[in-house]
Amino acid sequence: MSEITKESTEEKSRNFIEQIIEEDLRTGKHGGRVLTRFPPEPNGYLHIGHAKSICLNFGVAQRYGGATNLRFDDTNPVTEDTEYVDSIKNDVQWLGFQWVNEFYASDYFDHLYEFAIKLINKGLAYVDESTSEQMATMKGTPTEPGTNSPYRDRSVEENLDLFVRMKNGEFAEGTHILRAKIDMVSSNMIMRDPIIYRIKFAHHHRTGDKWCIYPMYDFAHGQSDSIEEITHSICTLEFIPHRELYDWCIENLEIFPSKQYEFARLNLTYTVMSKRKLLQLVQEGYVTGWDDPRMPTISGLRRRGFTPESIREFCDRIGVARRDNLIDVSLLEFCIREHLNKVAARRMVVVGPLKVVITNFPEGKVELCHSENNPEDPEGGMREVPFSREIYVEQDDFMEVPSKKYFRLAPGQMVRLKSAYIIRCDEVVKDEEGKVTSLLCSYIENSKSGNDTSGINVKGTLHWVSAAQALPVEIRQHDRLFKVEDVAAAEGDFKDHINPDSLQVITGYAEPVLKEADVGEKFQFMRKGYFCLDADSTPEKLVFNRTVGLKDTWGKVAAK
RNA sequence: UGGCGGAUGGUGUAAUGGUAACACAGAAGUUUUUGGUACUUUUAUUCAGGGUUCGAGUCCUUGUCCGCCAACCA
């Protein structure tokens, strides 16, 4: 019985791509086949915007019993490199997706060359010897029509001869170009005799020096889709004007009719998403690399402590539509907190230490307390935490003159030490300058966590670490990279808006079990946030990245 | 002064001519050995004008605003 109810209550509305696919399935358009592709250019690292595309392309294929190709759009040898190919493959798999085929546009260079010959033979392409300046002039503007090139009416034979000689390396870069012969007065600028092949004496990361002519995006993408018999070629909105050319090529080449569909790319508050800008941040040293935890790259998010599950959930929640958007980064933060709350082990780490001496606790005695690893996970188990006469608590957890509703330590005030005893602050120790250096407290003997017979009720519970066993750790707290919400729309250069305080490095004290943490392992430092162990860690000094803080309602109350 | 997309709370996304909903963010509260979590409550929405219709966020029309397009980039 529950089967039907469950199905109908959990039914989610479909995005417009899914609606198109369902319609195609209903009409039997491709015999029920769904094949998508994820087509990055290997010239940079993947970012969260690509994650949206990956989740969409792989997601719809999975949902409708189809498959997805990974295809590297490597038609421009000067910007591309195998370093990027490797990182892209790694990131897609890390996100949890597996492609059926790994292809490269460069796999099709022979094929694409034949397509060009075919177009020439049909009188639909010609070799132009104009300079780029001349071509720009003849192109016209959005409001003025273009004019035909003087080379436009060459014979098929002459074009064939010239194109073969281009391929054979007889001409210098920039002297000859192959253009499609379409319409110089089209209202769509893309259709004004677009360049489809250019000369580049460049070493290609896969084809080496075999070619000195390379197809343009518009002459490679649709044809690659067609060769692979992609049924739904999903790309971002800025390619809308290219669709007319995409269809023109397929029609005139008389090849498999793949169709292009466009959705709005992801924009996130307080960051940038363009590869050009991200590259600048890396090259000019604003961040430490593509995997800097402040970067919106997949590798950066991974190092920061994000999980694939949280990123997939995020992509699911933001939806897919055709209007420009700027997603609030707090949604991403919500997704990672939601996941980590369920899976991250709790640990106690004091970030801004204040020494507390428990005056009635015997010197030299170490008592083991037991604390649950994760209250959200009944099978998470317990760990031992040493308690002794000298401990550290957070500086923020003491106020000499407490404000109302402050439930932490203050002269005469009592708090619970998490998983240990209730203590009372008896005396404040200060240096000559009046700065608080330590607290003298007493503990309530029969208040131990688990067997508290004291009958005392306290409102505050603090995390703490035993001074003698504490591990010094480095904590890297990352904040938003930019100071403004909408970086792309902000006045001036985007770098003017960089947040100078986006990284704060602090030394803290951790409870001893953290010595066994693995690189990448995620924890909740109680009352502080979620953290993961960074690869920069050494046995002498553990380094943790703060993924995201805990939701802090006290901070808001205190600020009032 | 061209063409093409688009416009629903603060931010996103639904509603496919028939009660404008869901999530995040915000506010208030309950529980709590994390001022976390969970739970409850709550604030706030159809760009504007005209038209079609019993009925319009949805269709038509006019306007406004936003985005994209003039790389030998993708």
# chains A, B, ... in the order shown; residues from 1 in each chain; ligands from 1
$ residues_around --residues "segment 201-218 of chain A" --least-positions-apart "3" --cutoff "6 Å" --atoms "only C-alpha atoms (C1' of nucleotides)" --output "list in words"
Pro77, Asp81, Lys167, Ile196, Tyr197, Arg198 and His221 of chain A
$ interface_residues --of "chain B" --to "chain A" --cutoff "8 Å" --atoms "only C-alpha atoms (C1' of nucleotides)" --output "short mmCIF file (atom, residue, chain, number, x, y, z; two decimals) with N, CA and C atoms (P, O5', C5', C4', C3', O3' and C1' of nucleotides), in the first residue's frame"
data_model
loop_
_atom_site.label_atom_id
_atom_site.label_comp_id
_atom_site.auth_asym_id
_atom_site.auth_seq_id
_atom_site.Cartn_x
_atom_site.Cartn_y
_atom_site.Cartn_z
P U B 1 16.16 52.00 -29.59
"O5'" U B 1 16.02 51.55 -31.10
"C5'" U B 1 15.39 52.11 -32.23
"C4'" U B 1 16.11 51.59 -33.44
"C3'" U B 1 16.82 50.25 -33.20
"O3'" U B 1 15.94 49.19 -33.57
"C1'" U B 1 18.36 51.82 -34.15
P G B 2 16.24 47.77 -32.98
"O5'" G B 2 17.27 47.22 -34.08
"C5'" G B 2 16.82 46.84 -35.38
"C4'" G B 2 17.51 45.58 -35.81
"C3'" G B 2 17.09 44.33 -35.05
"O3'" G B 2 15.91 43.76 -35.59
"C1'" G B 2 19.44 44.43 -35.10
P G B 3 14.93 42.92 -34.66
"O5'" G B 3 15.75 41.57 -34.44
"C5'" G B 3 16.02 40.72 -35.54
"C4'" G B 3 16.92 39.60 -35.10
"C3'" G B 3 16.42 38.80 -33.90
"O3'" G B 3 15.47 37.83 -34.28
"C1'" G B 3 18.69 39.35 -33.58
P C B 4 14.33 37.40 -33.28
"O5'" C B 4 15.14 36.52 -32.23
"C5'" C B 4 15.90 35.40 -32.67
"C4'" C B 4 16.76 34.90 -31.54
"C3'" C B 4 16.02 34.67 -30.24
"O3'" C B 4 15.31 33.46 -30.27
"C1'" C B 4 18.03 35.82 -29.80
P G B 5 14.13 33.23 -29.23
"O5'" G B 5 14.99 32.78 -27.99
"C5'" G B 5 14.53 33.06 -26.74
"C4'" G B 5 15.60 32.77 -25.73
"C3'" G B 5 15.02 33.01 -24.35
"O3'" G B 5 14.46 31.81 -23.86
"C1'" G B 5 16.89 34.38 -24.66
P G B 6 12.91 31.92 -23.43
"O5'" G B 6 12.95 32.79 -22.11
"C5'" G B 6 13.67 32.33 -20.99
"C4'" G B 6 14.07 33.47 -20.09
"C3'" G B 6 12.98 34.16 -19.31
"O3'" G B 6 12.54 33.36 -18.23
"C1'" G B 6 14.54 35.74 -20.07
P U B 11 15.92 38.61 -4.78
"O5'" U B 11 16.68 37.27 -4.42
"C5'" U B 11 18.10 37.25 -4.19
"C4'" U B 11 18.55 35.82 -4.08
"C3'" U B 11 18.05 34.92 -5.20
"O3'" U B 11 18.89 35.05 -6.33
"C1'" U B 11 17.70 33.86 -3.12
P G B 12 18.36 34.66 -7.77
"O5'" G B 12 18.38 33.08 -7.67
"C5'" G B 12 17.38 32.33 -8.26
"C4'" G B 12 17.50 30.91 -7.79
"C3'" G B 12 16.47 29.98 -8.40
"O3'" G B 12 16.92 29.52 -9.66
"C1'" G B 12 16.43 29.72 -6.07
P U B 13 15.92 29.52 -10.90
"O5'" U B 13 14.94 28.32 -10.53
"C5'" U B 13 15.46 27.01 -10.36
"C4'" U B 13 14.46 26.15 -9.64
"C3'" U B 13 13.10 26.02 -10.32
"O3'" U B 13 13.14 25.08 -11.38
"C1'" U B 13 12.81 26.38 -8.01
P A B 14 11.93 25.07 -12.40
"O5'" A B 14 10.74 24.72 -11.39
"C5'" A B 14 9.52 24.34 -11.86
"C4'" A B 14 8.67 23.79 -10.74
"C3'" A B 14 7.20 23.83 -11.09
"O3'" A B 14 6.84 22.75 -11.92
"C1'" A B 14 7.51 24.59 -8.88
P A B 23 9.51 23.27 2.94
"O5'" A B 23 10.97 23.57 2.36
"C5'" A B 23 11.85 22.48 2.05
"C4'" A B 23 13.08 23.03 1.38
"C3'" A B 23 13.84 24.10 2.15
"O3'" A B 23 14.67 23.54 3.15
"C1'" A B 23 13.61 24.78 -0.09
P C B 24 15.05 24.38 4.44
"O5'" C B 24 16.07 25.46 3.89
"C5'" C B 24 17.35 25.07 3.42
"C4'" C B 24 18.07 26.25 2.82
"C3'" C B 24 18.19 27.48 3.71
"O3'" C B 24 19.28 27.34 4.63
"C1'" C B 24 17.47 28.16 1.59
P A B 25 19.17 27.99 6.06
"O5'" A B 25 19.06 29.55 5.74
"C5'" A B 25 20.18 30.26 5.25
"C4'" A B 25 19.80 31.68 4.95
"C3'" A B 25 19.13 32.44 6.09
"O3'" A B 25 20.07 32.91 7.03
"C1'" A B 25 17.92 32.80 4.10
P U B 33 20.10 17.92 28.64
"O5'" U B 33 21.69 18.07 28.72
"C5'" U B 33 22.27 19.32 28.42
"C4'" U B 33 23.65 19.11 27.83
"C3'" U B 33 23.67 18.09 26.72
"O3'" U B 33 24.55 18.57 25.72
"C1'" U B 33 25.25 17.53 28.37
P U B 34 23.92 19.25 24.42
"O5'" U B 34 25.21 19.80 23.68
"C5'" U B 34 26.21 20.50 24.41
"C4'" U B 34 26.92 21.45 23.47
"C3'" U B 34 25.97 22.42 22.77
"O3'" U B 34 26.67 23.63 22.53
"C1'" U B 34 27.06 21.10 21.17
P G B 35 26.21 24.96 23.25
"O5'" G B 35 25.15 25.62 22.28
"C5'" G B 35 23.79 25.23 22.26
"C4'" G B 35 22.96 26.34 21.67
"C3'" G B 35 23.50 26.85 20.33
"O3'" G B 35 22.42 27.36 19.56
"C1'" G B 35 23.62 28.57 21.95
P G B 36 21.57 26.33 18.65
"O5'" G B 36 22.59 25.31 17.94
"C5'" G B 36 23.42 25.75 16.88
"C4'" G B 36 24.08 24.55 16.24
"C3'" G B 36 23.13 23.57 15.57
"O3'" G B 36 22.82 23.96 14.24
"C1'" G B 36 24.59 22.39 16.97
P U B 37 21.32 23.75 13.69
"O5'" U B 37 21.08 22.19 13.88
"C5'" U B 37 21.76 21.23 13.07
"C4'" U B 37 21.36 19.84 13.49
"C3'" U B 37 19.87 19.55 13.41
"O3'" U B 37 19.50 19.19 12.09
"C1'" U B 37 20.69 18.83 15.50
P G B 67 22.62 43.26 -17.87
"O5'" G B 67 22.64 41.80 -18.50
"C5'" G B 67 22.93 40.67 -17.69
"C4'" G B 67 22.74 39.41 -18.49
"C3'" G B 67 23.52 39.34 -19.78
"O3'" G B 67 24.86 38.94 -19.55
"C1'" G B 67 21.30 38.66 -20.17
P C B 68 26.02 39.40 -20.58
"O5'" C B 68 25.74 38.50 -21.85
"C5'" C B 68 25.87 37.09 -21.76
"C4'" C B 68 25.43 36.46 -23.06
"C3'" C B 68 26.09 37.01 -24.31
"O3'" C B 68 27.37 36.44 -24.51
"C1'" C B 68 23.78 36.85 -24.68
P C B 69 28.48 37.28 -25.29
"O5'" C B 69 27.94 37.25 -26.78
"C5'" C B 69 27.92 36.04 -27.51
"C4'" C B 69 27.35 36.29 -28.87
"C3'" C B 69 28.04 37.39 -29.67
"O3'" C B 69 29.20 36.88 -30.31
"C1'" C B 69 25.69 37.64 -29.83
P A B 70 30.57 37.67 -30.22
"O5'" A B 70 30.49 38.67 -31.46
"C5'" A B 70 30.45 38.15 -32.78
"C4'" A B 70 30.86 39.23 -33.75
"C3'" A B 70 32.12 40.00 -33.37
"O3'" A B 70 33.26 39.31 -33.82
"C1'" A B 70 30.42 41.51 -33.95
P C B 72 38.39 35.80 -35.33
"O5'" C B 72 39.12 34.48 -35.80
"C5'" C B 72 38.59 33.22 -35.47
"C4'" C B 72 39.70 32.21 -35.37
"C3'" C B 72 40.70 32.55 -34.28
"O3'" C B 72 41.19 31.32 -33.78
"C1'" C B 72 41.77 32.53 -36.38
P C B 73 41.54 31.20 -32.18
"O5'" C B 73 40.17 31.58 -31.47
"C5'" C B 73 39.22 30.61 -31.18
"C4'" C B 73 39.33 30.20 -29.73
"C3'" C B 73 38.40 29.10 -29.31
"O3'" C B 73 38.94 27.84 -29.65
"C1'" C B 73 38.36 30.85 -27.72
P A B 74 38.01 26.72 -30.25
"O5'" A B 74 37.17 26.23 -28.99
"C5'" A B 74 37.82 25.65 -27.87
"C4'" A B 74 36.85 25.63 -26.71
"C3'" A B 74 35.51 24.96 -27.01
"O3'" A B 74 35.59 23.56 -26.82
"C1'" A B 74 35.13 27.07 -26.02
#
$ select_by_dssp --residues "segment 23-180 of chain A" --states "alpha helix (DSSP H)" --output "VMD selection string"
chain A and resid 23 to 27 48 to 63 82 to 94 109 to 121 132 to 139 156 to 167
$ residues_around --residues "Arg546 of chain A" --least-positions-apart "5" --cutoff "6 Å" --atoms "only C-alpha atoms (C1' of nucleotides)" --output "PDB file with C-alpha atoms, in the first residue's frame"
ATOM      1  CA  GLN A 477      39.623  29.214   8.683  1.00  0.00           C
ATOM      2  CA  TYR A 530      33.178  21.115  10.479  1.00  0.00           C
ATOM      3  CA  PHE A 531      36.843  20.525   9.753  1.00  0.00           C
TER       4      PHE A 531
END
$ select_by_dssp --residues "segment 332-538 of chain A" --states "strand (DSSP E)" --output "MDAnalysis selection string"
chainID A and resid 345:347 349:350 353:358 367:372 382:387 390:394 414:417 422:430 436:443 461:462 465:466 471:478 503:510 522:525 529:533
$ residues_around --residues "Asp534 of chain A" --least-positions-apart "5" --cutoff "12 Å" --atoms "only C-alpha atoms (C1' of nucleotides)" --output "list in words"
Asp291, Asp292, Pro293, Gly300, Arg302, Arg303, Arg304, Gly305, Val473, Glu474, Ile475, Arg476, Ala517, Asp518, Val519, Gly520, Glu521, Lys522, Lys541, Leu542, Val543, Phe544, Asn545, Arg546 and Thr547 of chain A
$ write_last_selection --atoms "N, CA and C atoms" --output "compact mmCIF listing (two decimals), in the first residue's frame"
# COMPACT_ATOMS: atom_id res chain seq x y z
N ASP A 291 43.47 24.09 -6.14
CA ASP A 291 42.80 23.35 -5.06
C ASP A 291 42.83 24.12 -3.74
N ASP A 292 43.07 25.41 -3.81
CA ASP A 292 42.98 26.22 -2.59
C ASP A 292 41.55 26.07 -2.05
N PRO A 293 41.42 25.82 -0.75
CA PRO A 293 40.08 25.58 -0.19
C PRO A 293 39.09 26.73 -0.36
N GLY A 300 39.13 22.34 -5.01
CA GLY A 300 39.17 23.23 -3.86
C GLY A 300 38.12 22.84 -2.82
N ARG A 302 36.78 19.95 -2.47
CA ARG A 302 37.16 18.65 -1.89
C ARG A 302 38.16 18.86 -0.77
N ARG A 303 39.18 19.69 -1.04
CA ARG A 303 40.20 19.93 -0.02
C ARG A 303 39.61 20.66 1.18
N ARG A 304 38.64 21.49 0.92
CA ARG A 304 38.00 22.22 2.00
C ARG A 304 37.17 21.30 2.90
N GLY A 305 36.79 20.14 2.37
CA GLY A 305 36.05 19.19 3.19
C GLY A 305 34.64 18.90 2.70
N VAL A 473 47.46 22.12 17.18
CA VAL A 473 47.06 21.95 15.77
C VAL A 473 46.95 23.31 15.09
N GLU A 474 47.17 23.29 13.78
CA GLU A 474 46.97 24.51 13.01
C GLU A 474 45.59 24.45 12.38
N ILE A 475 44.88 25.54 12.50
CA ILE A 475 43.54 25.59 11.94
C ILE A 475 43.46 26.69 10.90
N ARG A 476 43.00 26.33 9.72
CA ARG A 476 42.87 27.32 8.65
C ARG A 476 41.39 27.62 8.46
N ALA A 517 43.90 10.82 13.00
CA ALA A 517 43.07 11.23 11.85
C ALA A 517 43.81 11.02 10.52
N ASP A 518 43.04 10.67 9.49
CA ASP A 518 43.61 10.52 8.15
C ASP A 518 43.40 11.80 7.34
N VAL A 519 44.27 11.99 6.38
CA VAL A 519 44.11 13.15 5.50
C VAL A 519 42.73 13.08 4.82
N GLY A 520 42.02 14.19 4.86
CA GLY A 520 40.69 14.24 4.24
C GLY A 520 39.57 13.84 5.18
N GLU A 521 39.92 13.26 6.33
CA GLU A 521 38.88 12.82 7.27
C GLU A 521 38.16 14.03 7.86
N LYS A 522 36.85 13.88 7.99
CA LYS A 522 36.02 15.01 8.39
C LYS A 522 35.51 14.87 9.81
N LYS A 541 52.72 18.37 13.42
CA LYS A 541 51.71 19.42 13.42
C LYS A 541 50.56 19.06 12.48
N LEU A 542 49.40 18.82 13.08
CA LEU A 542 48.22 18.54 12.27
C LEU A 542 47.66 19.86 11.76
N VAL A 543 47.19 19.84 10.51
CA VAL A 543 46.59 21.03 9.92
C VAL A 543 45.15 20.70 9.52
N PHE A 544 44.23 21.50 10.03
CA PHE A 544 42.82 21.29 9.69
C PHE A 544 42.26 22.48 8.90
N ASN A 545 41.45 22.17 7.90
CA ASN A 545 40.71 23.22 7.19
C ASN A 545 39.32 23.30 7.78
N ARG A 546 38.87 24.51 8.02
CA ARG A 546 37.46 24.62 8.41
C ARG A 546 36.62 24.60 7.15
N THR A 547 35.74 23.64 7.07
CA THR A 547 34.86 23.52 5.91
C THR A 547 33.79 24.59 6.00
$ closest_residue --among "A:Lys181, A:Arg294, A:Arg276, A:His339" --to "Phe314 of chain A" --atoms "only C-alpha atoms"
A:His339
$ closest_residue --among "B:C39, B:U45, B:U32, B:A27" --to "G9 of chain B" --atoms "only C-alpha atoms (C1' of nucleotides)"
B:U45
$ atom_distance --atom1 "atom CA of Arg480 of chain A" --atom2 "atom CA of Asp91 of chain A"
22.4 Å
$ residues_around --residues "A28 of chain B" --least-positions-apart "5" --cutoff "12 Å" --atoms "only C-alpha atoms (C1' of nucleotides)" --output "PDB file with all heavy atoms, in the first residue's frame"
ATOM      1  P     U B  40       7.440  20.078  12.271  1.00  0.00           P
ATOM      2  OP1   U B  40       6.323  19.343  11.637  1.00  0.00           O
ATOM      3  OP2   U B  40       8.506  20.683  11.433  1.00  0.00           O
ATOM      4  O5'   U B  40       6.836  21.237  13.193  1.00  0.00           O
ATOM      5  C5'   U B  40       5.850  20.936  14.164  1.00  0.00           C
ATOM      6  C4'   U B  40       5.534  22.175  14.952  1.00  0.00           C
ATOM      7  O4'   U B  40       6.705  22.587  15.716  1.00  0.00           O
ATOM      8  C3'   U B  40       5.208  23.406  14.118  1.00  0.00           C
ATOM      9  O3'   U B  40       3.874  23.392  13.651  1.00  0.00           O
ATOM     10  C2'   U B  40       5.478  24.530  15.118  1.00  0.00           C
ATOM     11  O2'   U B  40       4.426  24.662  16.047  1.00  0.00           O
ATOM     12  C1'   U B  40       6.712  24.002  15.841  1.00  0.00           C
ATOM     13  N1    U B  40       7.969  24.528  15.253  1.00  0.00           N
ATOM     14  C2    U B  40       8.353  25.809  15.632  1.00  0.00           C
ATOM     15  O2    U B  40       7.693  26.482  16.404  1.00  0.00           O
ATOM     16  N3    U B  40       9.521  26.257  15.073  1.00  0.00           N
ATOM     17  C4    U B  40      10.318  25.581  14.182  1.00  0.00           C
ATOM     18  O4    U B  40      11.347  26.124  13.767  1.00  0.00           O
ATOM     19  C5    U B  40       9.857  24.267  13.835  1.00  0.00           C
ATOM     20  C6    U B  40       8.724  23.790  14.371  1.00  0.00           C
ATOM     21  P     U B  41       3.510  24.101  12.270  1.00  0.00           P
ATOM     22  OP1   U B  41       2.118  23.750  11.941  1.00  0.00           O
ATOM     23  OP2   U B  41       4.591  23.826  11.289  1.00  0.00           O
ATOM     24  O5'   U B  41       3.587  25.647  12.655  1.00  0.00           O
ATOM     25  C5'   U B  41       2.724  26.180  13.652  1.00  0.00           C
ATOM     26  C4'   U B  41       3.174  27.557  14.048  1.00  0.00           C
ATOM     27  O4'   U B  41       4.533  27.500  14.580  1.00  0.00           O
ATOM     28  C3'   U B  41       3.301  28.560  12.909  1.00  0.00           C
ATOM     29  O3'   U B  41       2.048  29.085  12.506  1.00  0.00           O
ATOM     30  C2'   U B  41       4.207  29.617  13.545  1.00  0.00           C
ATOM     31  O2'   U B  41       3.487  30.421  14.452  1.00  0.00           O
ATOM     32  C1'   U B  41       5.188  28.735  14.318  1.00  0.00           C
ATOM     33  N1    U B  41       6.418  28.479  13.540  1.00  0.00           N
ATOM     34  C2    U B  41       7.350  29.513  13.503  1.00  0.00           C
ATOM     35  O2    U B  41       7.171  30.573  14.068  1.00  0.00           O
ATOM     36  N3    U B  41       8.479  29.256  12.771  1.00  0.00           N
ATOM     37  C4    U B  41       8.773  28.094  12.092  1.00  0.00           C
ATOM     38  O4    U B  41       9.835  28.014  11.472  1.00  0.00           O
ATOM     39  C5    U B  41       7.749  27.072  12.180  1.00  0.00           C
ATOM     40  C6    U B  41       6.631  27.293  12.887  1.00  0.00           C
ATOM     41  P     U B  42       1.864  29.595  11.010  1.00  0.00           P
ATOM     42  OP1   U B  42       0.481  30.082  10.871  1.00  0.00           O
ATOM     43  OP2   U B  42       2.397  28.588  10.066  1.00  0.00           O
ATOM     44  O5'   U B  42       2.840  30.849  11.009  1.00  0.00           O
ATOM     45  C5'   U B  42       2.581  31.979  11.848  1.00  0.00           C
ATOM     46  C4'   U B  42       3.693  32.982  11.711  1.00  0.00           C
ATOM     47  O4'   U B  42       4.961  32.363  12.050  1.00  0.00           O
ATOM     48  C3'   U B  42       3.911  33.489  10.295  1.00  0.00           C
ATOM     49  O3'   U B  42       2.995  34.516   9.972  1.00  0.00           O
ATOM     50  C2'   U B  42       5.357  33.979  10.350  1.00  0.00           C
ATOM     51  O2'   U B  42       5.447  35.250  10.957  1.00  0.00           O
ATOM     52  C1'   U B  42       6.001  32.947  11.283  1.00  0.00           C
ATOM     53  N1    U B  42       6.705  31.880  10.542  1.00  0.00           N
ATOM     54  C2    U B  42       7.972  32.182  10.072  1.00  0.00           C
ATOM     55  O2    U B  42       8.496  33.270  10.245  1.00  0.00           O
ATOM     56  N3    U B  42       8.610  31.174   9.390  1.00  0.00           N
ATOM     57  C4    U B  42       8.110  29.912   9.141  1.00  0.00           C
ATOM     58  O4    U B  42       8.804  29.107   8.519  1.00  0.00           O
ATOM     59  C5    U B  42       6.790  29.679   9.657  1.00  0.00           C
ATOM     60  C6    U B  42       6.148  30.649  10.319  1.00  0.00           C
ATOM     61  P     U B  43       2.654  34.818   8.433  1.00  0.00           P
ATOM     62  OP1   U B  43       1.356  35.524   8.395  1.00  0.00           O
ATOM     63  OP2   U B  43       2.857  33.590   7.625  1.00  0.00           O
ATOM     64  O5'   U B  43       3.782  35.872   8.047  1.00  0.00           O
ATOM     65  C5'   U B  43       3.985  37.048   8.828  1.00  0.00           C
ATOM     66  C4'   U B  43       5.227  37.760   8.350  1.00  0.00           C
ATOM     67  O4'   U B  43       6.388  36.945   8.637  1.00  0.00           O
ATOM     68  C3'   U B  43       5.282  37.970   6.844  1.00  0.00           C
ATOM     69  O3'   U B  43       4.570  39.137   6.472  1.00  0.00           O
ATOM     70  C2'   U B  43       6.785  38.094   6.582  1.00  0.00           C
ATOM     71  O2'   U B  43       7.240  39.409   6.863  1.00  0.00           O
ATOM     72  C1'   U B  43       7.363  37.140   7.627  1.00  0.00           C
ATOM     73  N1    U B  43       7.731  35.828   7.059  1.00  0.00           N
ATOM     74  C2    U B  43       8.969  35.734   6.437  1.00  0.00           C
ATOM     75  O2    U B  43       9.723  36.680   6.339  1.00  0.00           O
ATOM     76  N3    U B  43       9.266  34.500   5.941  1.00  0.00           N
ATOM     77  C4    U B  43       8.491  33.366   5.995  1.00  0.00           C
ATOM     78  O4    U B  43       8.909  32.314   5.518  1.00  0.00           O
ATOM     79  C5    U B  43       7.220  33.545   6.655  1.00  0.00           C
ATOM     80  C6    U B  43       6.899  34.742   7.149  1.00  0.00           C
TER      81        U B  43
END
$ closest_residue --among "A:Leu533, A:Val366, A:Leu439, A:Leu95" --to "Glu313 of chain A" --atoms "only C-alpha atoms"
A:Leu95
$ closest_residue --among "A:Phe38, A:Tyr45, A:Phe72, A:Trp94" --to "Phe306 of chain A" --atoms "only C-alpha atoms"
A:Trp94
